[in-house]
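Below: one structure, written as structure tokens.
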Amino acid sequence: MTIRSTVFFLLASGVVVFGCKDKESATPRDSKSEYVFDCKVGIAKKMSAAEYSANESDKDEKVAAEKAWRAVCAKLPPEEQANCRDDKRWSPSVGTMKMSTNVETKFGVTVKLTPNLPRVWSNEIKSEVGHEPACAEATKKACAAAGAAADCVATGAFEKKEELKGKTHRMLLGGR
């Protein structure tokens, strides 16, 4: 070993020995550690998962179809009846059959409504307090984005479709 490499070795060893005394002195005393909690909430309007159907018959095909539509609309929950023929809300399936005898001809029409998947409104909030406040605020903002009251999930008009929670550790040096 040369003198130069020996001096370098001793200096490097001294830095290691003198630089790391214990865990407390390894972290500056004016540093601060904190967590940031985040919560992402997705809500959607609560919908009935049921399918609704009705069959009606008449001598006139158009009359039979209108009777079937009215009958299926009457089976929907009261708040959905006005939107019965809204194809953004429902996927209709209409079947027609013709029944003939020697005396008369009748048409049978079946209308079946299947609910479409609801739109999901999402919001993400970060908080230094905890998950509960972050999730509550994210829910409130998602309700607002949906055009509903801030407590839309609590009232039962909407339901949570997702709730994702995360936590990030931050080390702030120098008292920042």
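Residue numbering restarts at 1 for every chain of the structure tokens, chains are lettered A, B, ... in their displayed order, and ligands are numbered from 1 as they appear.
With only C-alpha atoms taken into account, the protein and nucleic acid residues at most 7 Å from range 85-100 of chain A (excluding it and anything under 2 positions from it in its own chain) are A:Asn83, A:Asn102, A:Glu104, A:Thr105, A:Lys106, A:Phe107, A:Gly108, A:Val109, A:Thr110, A:Val111, A:Lys112, A:Leu113, A:Thr114, A:Pro115, A:Asn116.
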Selected residues written out with C-alpha atoms, as a PDB file, in the first residue's frame:
```pdb
ATOM      1  CA  ASN A  83     -87.272   8.150 -17.935  1.00  0.00           C
ATOM      2  CA  ASN A 102    -109.092 -18.339 -39.429  1.00  0.00           C
ATOM      3  CA  GLU A 104    -108.555 -12.905 -36.767  1.00  0.00           C
ATOM      4  CA  THR A 105    -104.926 -11.799 -36.580  1.00  0.00           C
ATOM      5  CA  LYS A 106    -103.340 -10.453 -33.380  1.00  0.00           C
ATOM      6  CA  PHE A 107     -99.942  -9.066 -32.623  1.00  0.00           C
ATOM      7  CA  GLY A 108     -98.121  -9.792 -29.405  1.00  0.00           C
ATOM      8  CA  VAL A 109     -95.422  -7.344 -28.346  1.00  0.00           C
ATOM      9  CA  THR A 110     -92.948  -7.846 -25.506  1.00  0.00           C
ATOM     10  CA  VAL A 111     -90.865  -4.937 -24.211  1.00  0.00           C
ATOM     11  CA  LYS A 112     -87.960  -5.710 -21.894  1.00  0.00           C
ATOM     12  CA  LEU A 113     -85.911  -2.960 -20.174  1.00  0.00           C
ATOM     13  CA  THR A 114     -82.419  -3.578 -18.818  1.00  0.00           C
ATOM     14  CA  PRO A 115     -80.713  -0.765 -16.884  1.00  0.00           C
ATOM     15  CA  ASN A 116     -77.564   0.680 -18.460  1.00  0.00           C
TER      16      ASN A 116
END
```
Would you give me, as an MDAnalysis selection string, the residues in range 24-155 of chain A that DSSP reads as alpha helix (DSSP H)? chainID A and resid 24:26 61:75 131:145
Counting only C-alpha atoms, which residue out of A:Val72, A:Ala64, A:Cys39, A:Leu173 sits closest to Tyr52 in chain A?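 So, comparing all the options, the nearest one is A:Val72.
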What parts of range 11-140 of chain A does DSSP call strand (DSSP E or B)? I'd like the answer as a PDB file with C-alpha atoms, in the first residue's frame.
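What follows is the written file selection.pdb:
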```
ATOM      1  CA  LYS A  32     -39.986  16.807  10.433  1.00  0.00           C
ATOM      2  CA  SER A  33     -41.708  13.588   9.409  1.00  0.00           C
ATOM      3  CA  GLU A  34     -45.331  13.493   8.333  1.00  0.00           C
ATOM      4  CA  TYR A  35     -47.813  11.403   6.403  1.00  0.00           C
ATOM      5  CA  VAL A  36     -50.093  12.507   3.603  1.00  0.00           C
ATOM      6  CA  PHE A  37     -53.282  10.471   3.295  1.00  0.00           C
ATOM      7  CA  ASP A  38     -55.118  10.324   0.024  1.00  0.00           C
ATOM      8  CA  CYS A  39     -58.508   8.921  -0.842  1.00  0.00           C
ATOM      9  CA  LYS A  40     -60.154   8.479  -4.233  1.00  0.00           C
ATOM     10  CA  VAL A  41     -63.918   7.972  -4.216  1.00  0.00           C
ATOM     11  CA  GLY A  42     -66.141   7.062  -7.152  1.00  0.00           C
ATOM     12  CA  ILE A  43     -69.925   7.368  -6.875  1.00  0.00           C
ATOM     13  CA  ALA A  44     -72.816   6.497  -9.170  1.00  0.00           C
ATOM     14  CA  LYS A  45     -76.533   7.026  -9.022  1.00  0.00           C
ATOM     15  CA  TYR A  52     -88.536  -5.231 -16.339  1.00  0.00           C
ATOM     16  CA  SER A  53     -90.742  -6.689 -19.040  1.00  0.00           C
ATOM     17  CA  ALA A  54     -94.347  -6.648 -20.186  1.00  0.00           C
ATOM     18  CA  ASN A  55     -96.294  -8.283 -23.022  1.00  0.00           C
ATOM     19  CA  GLU A  56     -99.472  -7.004 -24.582  1.00  0.00           C
ATOM     20  CA  SER A  57    -101.493  -7.983 -27.617  1.00  0.00           C
ATOM     21  CA  ASP A  58    -103.917  -6.275 -29.982  1.00  0.00           C
ATOM     22  CA  TRP A  90     -82.318   1.782 -20.264  1.00  0.00           C
ATOM     23  CA  SER A  91     -81.512  -0.732 -22.979  1.00  0.00           C
ATOM     24  CA  PRO A  92     -84.841  -1.781 -24.483  1.00  0.00           C
ATOM     25  CA  SER A  93     -85.481  -5.038 -26.217  1.00  0.00           C
ATOM     26  CA  VAL A  94     -88.711  -5.248 -28.229  1.00  0.00           C
ATOM     27  CA  GLY A  95     -90.076  -8.472 -29.665  1.00  0.00           C
ATOM     28  CA  THR A  96     -93.126  -8.807 -31.877  1.00  0.00           C
ATOM     29  CA  MET A  97     -95.022 -11.895 -32.929  1.00  0.00           C
ATOM     30  CA  LYS A  98     -98.001 -12.337 -35.184  1.00  0.00           C
ATOM     31  CA  MET A  99    -100.748 -14.799 -34.249  1.00  0.00           C
ATOM     32  CA  SER A 100    -103.279 -15.717 -36.927  1.00  0.00           C
ATOM     33  CA  THR A 105    -104.926 -11.799 -36.580  1.00  0.00           C
ATOM     34  CA  LYS A 106    -103.340 -10.453 -33.380  1.00  0.00           C
ATOM     35  CA  PHE A 107     -99.942  -9.066 -32.623  1.00  0.00           C
ATOM     36  CA  GLY A 108     -98.121  -9.792 -29.405  1.00  0.00           C
ATOM     37  CA  VAL A 109     -95.422  -7.344 -28.346  1.00  0.00           C
ATOM     38  CA  THR A 110     -92.948  -7.846 -25.506  1.00  0.00           C
ATOM     39  CA  VAL A 111     -90.865  -4.937 -24.211  1.00  0.00           C
ATOM     40  CA  LYS A 112     -87.960  -5.710 -21.894  1.00  0.00           C
ATOM     41  CA  LEU A 113     -85.911  -2.960 -20.174  1.00  0.00           C
ATOM     42  CA  THR A 114     -82.419  -3.578 -18.818  1.00  0.00           C
ATOM     43  CA  PRO A 115     -80.713  -0.765 -16.884  1.00  0.00           C
ATOM     44  CA  VAL A 120     -69.317   7.162 -12.250  1.00  0.00           C
ATOM     45  CA  TRP A 121     -68.102  10.507 -10.841  1.00  0.00           C
ATOM     46  CA  SER A 122     -64.706  10.399  -9.095  1.00  0.00           C
ATOM     47  CA  ASN A 123     -62.687  12.747  -6.950  1.00  0.00           C
ATOM     48  CA  GLU A 124     -59.372  12.432  -5.112  1.00  0.00           C
ATOM     49  CA  ILE A 125     -58.378  14.409  -2.027  1.00  0.00           C
ATOM     50  CA  LYS A 126     -55.143  14.511  -0.022  1.00  0.00           C
ATOM     51  CA  SER A 127     -55.116  15.241   3.711  1.00  0.00           C
TER      52      SER A 127
END
```
Atomic distance CA of Lys161 in chain A - CA of Ala149 in chain A, expressed in Å with one decimal: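 Interatomic distance, CA of Lys161 in chain A to CA of Ala149 in chain A: 17.4 Å.
Here CA of Lys160 in chain A stands at a distance of 11.7 Å from CA of Pro118 in chain A.
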Give me the residues within 7 Å of Ala157 in chain A as a list in words, counting only C-alpha atoms and dropping any in the same chain fewer than 3 places off. Lys45, Lys46, Cys152 and Val153 of chain A
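Of the residues listed (A:Ala50, A:Val103, A:Ala134, A:Cys84), A:Cys84 shows the shortest atom-to-atom separation from Ala71 in chain A; distances use only C-alpha atoms.
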Report, in Å to a single decimal, how far apart CA of Glu66 in chain A and CA of Glu79 in chain A are.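 Interatomic distance here is 20.6 Å.
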